[in-house]
$ cat my_file00.txt   # compact mmCIF, C-alpha atoms
# COMPACT_ATOMS: atom_id res chain seq x y z
CA MET A 262 -8.01 -4.65 4.25
CA ARG A 263 -4.67 -3.02 3.44
CA ILE A 264 -2.74 -4.21 0.39
CA SER A 265 0.86 -3.37 -0.45
CA SER A 266 2.14 -4.57 -3.80
CA LEU A 267 4.32 -3.60 -6.71
CA LYS A 268 1.23 -1.91 -8.17
CA GLY A 269 0.91 0.36 -5.11
CA ASN A 270 -0.64 0.63 -1.68
CA PHE A 271 -4.38 0.24 -1.37
CA LYS A 272 -7.05 -0.03 1.27
CA VAL A 273 -10.28 -1.91 0.50
CA ILE A 274 -13.40 -1.06 2.51
CA GLN A 275 -16.91 -2.49 2.27
CA THR A 276 -19.45 0.31 2.04
CA ILE A 277 -22.25 0.48 4.60
CA LYS A 278 -24.85 1.73 2.13
CA ASN A 279 -24.39 -1.12 -0.36
CA ARG A 280 -22.86 -4.39 0.87
CA ASP A 281 -22.08 -5.46 -2.71
CA GLU A 282 -19.94 -2.39 -3.29
CA LEU A 283 -16.32 -1.94 -2.19
CA LEU A 284 -14.30 1.24 -1.95
CA VAL A 285 -10.63 1.02 -2.95
CA LEU A 286 -8.52 3.87 -1.58
CA GLY A 287 -5.04 4.88 -2.66
CA SER A 288 -2.90 7.61 -4.14
CA TRP A 289 -3.77 8.96 -7.58
CA SER A 290 -0.73 7.33 -9.21
CA ASP A 291 -1.44 3.92 -7.62
CA LEU A 292 -5.11 3.91 -8.60
CA ILE A 293 -4.64 4.96 -12.21
CA ARG A 294 -1.91 2.34 -12.61
CA VAL A 295 -4.62 -0.30 -12.17
CA PHE A 296 -7.95 1.40 -12.97
CA ASP A 297 -9.32 3.90 -15.47
CA SER A 298 -8.63 7.44 -14.27
CA SER A 299 -12.17 8.59 -15.07
CA ARG A 300 -13.48 6.39 -12.23
CA ALA A 301 -11.24 7.90 -9.53
CA PHE A 302 -12.50 10.65 -7.23
CA LEU A 303 -10.89 12.74 -4.49
CA VAL A 304 -11.55 11.48 -0.96
CA ASN A 305 -9.18 13.60 1.14
CA ASN A 306 -7.29 16.57 -0.30
CA GLN A 307 -4.83 16.92 2.61
CA GLU A 308 -3.71 13.28 2.35
CA SER A 309 -3.97 13.19 -1.49
CA LEU A 310 -6.24 10.18 -1.08
CA PHE A 311 -8.42 9.01 -3.97
CA GLY A 312 -11.02 6.29 -4.27
CA ILE A 313 -12.79 4.03 -6.73
CA PHE A 314 -15.99 2.07 -6.16
CA LEU A 315 -15.91 -1.57 -7.29
CA CYS A 316 -18.41 -4.40 -7.27
CA LYS A 317 -17.20 -7.52 -5.50
CA GLN A 318 -16.33 -9.32 -8.75
CA GLU A 319 -14.18 -6.40 -9.92
CA CYS A 320 -12.40 -6.47 -6.57
CA VAL A 321 -11.77 -10.22 -6.92
CA ASP A 322 -10.28 -9.61 -10.36
CA PHE A 323 -8.13 -6.78 -8.94
CA LEU A 324 -6.82 -8.98 -6.10
CA ALA A 325 -6.19 -11.91 -8.45
CA LYS A 326 -4.15 -9.65 -10.73
CA ILE A 327 -2.02 -8.48 -7.82
CA ILE A 328 -1.50 -12.04 -6.58
CA GLN A 329 -0.46 -13.24 -10.04
CA GLU A 330 2.26 -10.60 -10.17
CA ILE A 331 3.98 -11.74 -6.96
CA ASP A 332 7.56 -12.74 -7.67
CA TYR A 333 7.90 -15.97 -5.68
CA HIS A 334 11.60 -16.23 -6.53
CA GLU A 335 12.26 -13.52 -3.95
CA TRP A 336 10.89 -15.82 -1.24
CA GLU A 337 13.98 -18.06 -1.06
CA ASP A 338 15.11 -16.47 2.20
CA PHE A 339 11.61 -16.01 3.60
CA THR A 340 11.13 -17.50 7.08
CA LEU A 341 8.57 -17.05 9.83
CA ALA A 342 9.80 -16.32 13.34
CA SER A 343 6.97 -18.37 14.84
CA PRO A 344 4.15 -20.52 13.45
CA VAL A 345 1.25 -18.38 12.32
CA PHE A 346 -1.47 -20.83 13.32
CA ARG A 347 -0.09 -22.12 16.61
CA ASN A 348 -3.10 -20.93 18.64
CA HIS A 349 -5.68 -22.62 16.42
CA LEU A 350 -7.30 -25.90 17.32
CA GLN A 351 -5.72 -28.81 15.47
CA MET A 352 -7.63 -32.01 14.78

$ encode --input "my_file00.txt" --output "structure tokens"
Amino acid sequence: MRISSLKGNFKVIQTIKNRDELLVLGSWSDLIRVFDSSRAFLVNNQESLFGIFLCKQECVDFLAKIIQEIDYHEWEDFTLASPVFRNHLQM
């Protein structure tokens, strides 16, 4: 799952080895803005990509924090070009 927010750009991946563990990827500056820098480790030097392992509850807390910081006042002019759920079965 890719997440873009005021806190930064992140990618959340479920690890294969441990299904209860999630890997959050991002730039160094984005990760340390939200998490303790001692937890971050280098994933890809060429892309300056860093990661942090989280349990699912920590990830829920992380996502809730990002959602709470959304400025809904900027949505006044927000419109959808077409209905998002038009292909789903309606009962």

$ closest_residue --input "my_file00.txt" --among "A:Ile328, A:Ile264, A:Leu286, A:Ile293" --to "A:Ile313" --atoms "all atoms listed in the file"
A:Leu286

$ closest_residue --input "my_file00.txt" --among "A:Leu315, A:Leu267, A:Val285, A:Val295" --to "A:Glu330" --atoms "only C-alpha atoms"
A:Leu267

$ residues_around --input "my_file00.txt" --residues "A:Val304" --least-positions-apart "4" --cutoff "12 Å" --atoms "only C-alpha atoms" --output "tab-separated table (two decimals) with C-alpha atoms, in the frame of the given file"
chain	number	residue	atom	x	y	z
A	284	LEU	CA	-14.30	1.24	-1.95
A	285	VAL	CA	-10.63	1.02	-2.95
A	286	LEU	CA	-8.52	3.87	-1.58
A	287	GLY	CA	-5.04	4.88	-2.66
A	288	SER	CA	-2.90	7.61	-4.14
A	289	TRP	CA	-3.77	8.96	-7.58
A	308	GLU	CA	-3.71	13.28	2.35
A	309	SER	CA	-3.97	13.19	-1.49
A	310	LEU	CA	-6.24	10.18	-1.08
A	311	PHE	CA	-8.42	9.01	-3.97
A	312	GLY	CA	-11.02	6.29	-4.27
A	313	ILE	CA	-12.79	4.03	-6.73
A	314	PHE	CA	-15.99	2.07	-6.16

$ residues_around --input "my_file00.txt" --residues "A:Arg263" --least-positions-apart "5" --cutoff "7 Å" --atoms "all atoms listed in the file" --output "PyMOL selection string"
chain A and resi 271-273

$ atom_distance --input "my_file00.txt" --atom1 "atom CA of A:Asn306" --atom2 "atom CA of A:Ile274"
18.9 Å

$ residues_around --input "my_file00.txt" --residues "A:Lys317" --least-positions-apart "6" --cutoff "7 Å" --atoms "only C-alpha atoms" --output "PyMOL selection string"
chain A and resi 281-283

$ atom_distance --input "my_file00.txt" --atom1 "atom CA of A:Ser299" --atom2 "atom CA of A:Gln329"
25.3 Å

$ atom_distance --input "my_file00.txt" --atom1 "atom CA of A:Asp322" --atom2 "atom CA of A:Lys268"
14.0 Å
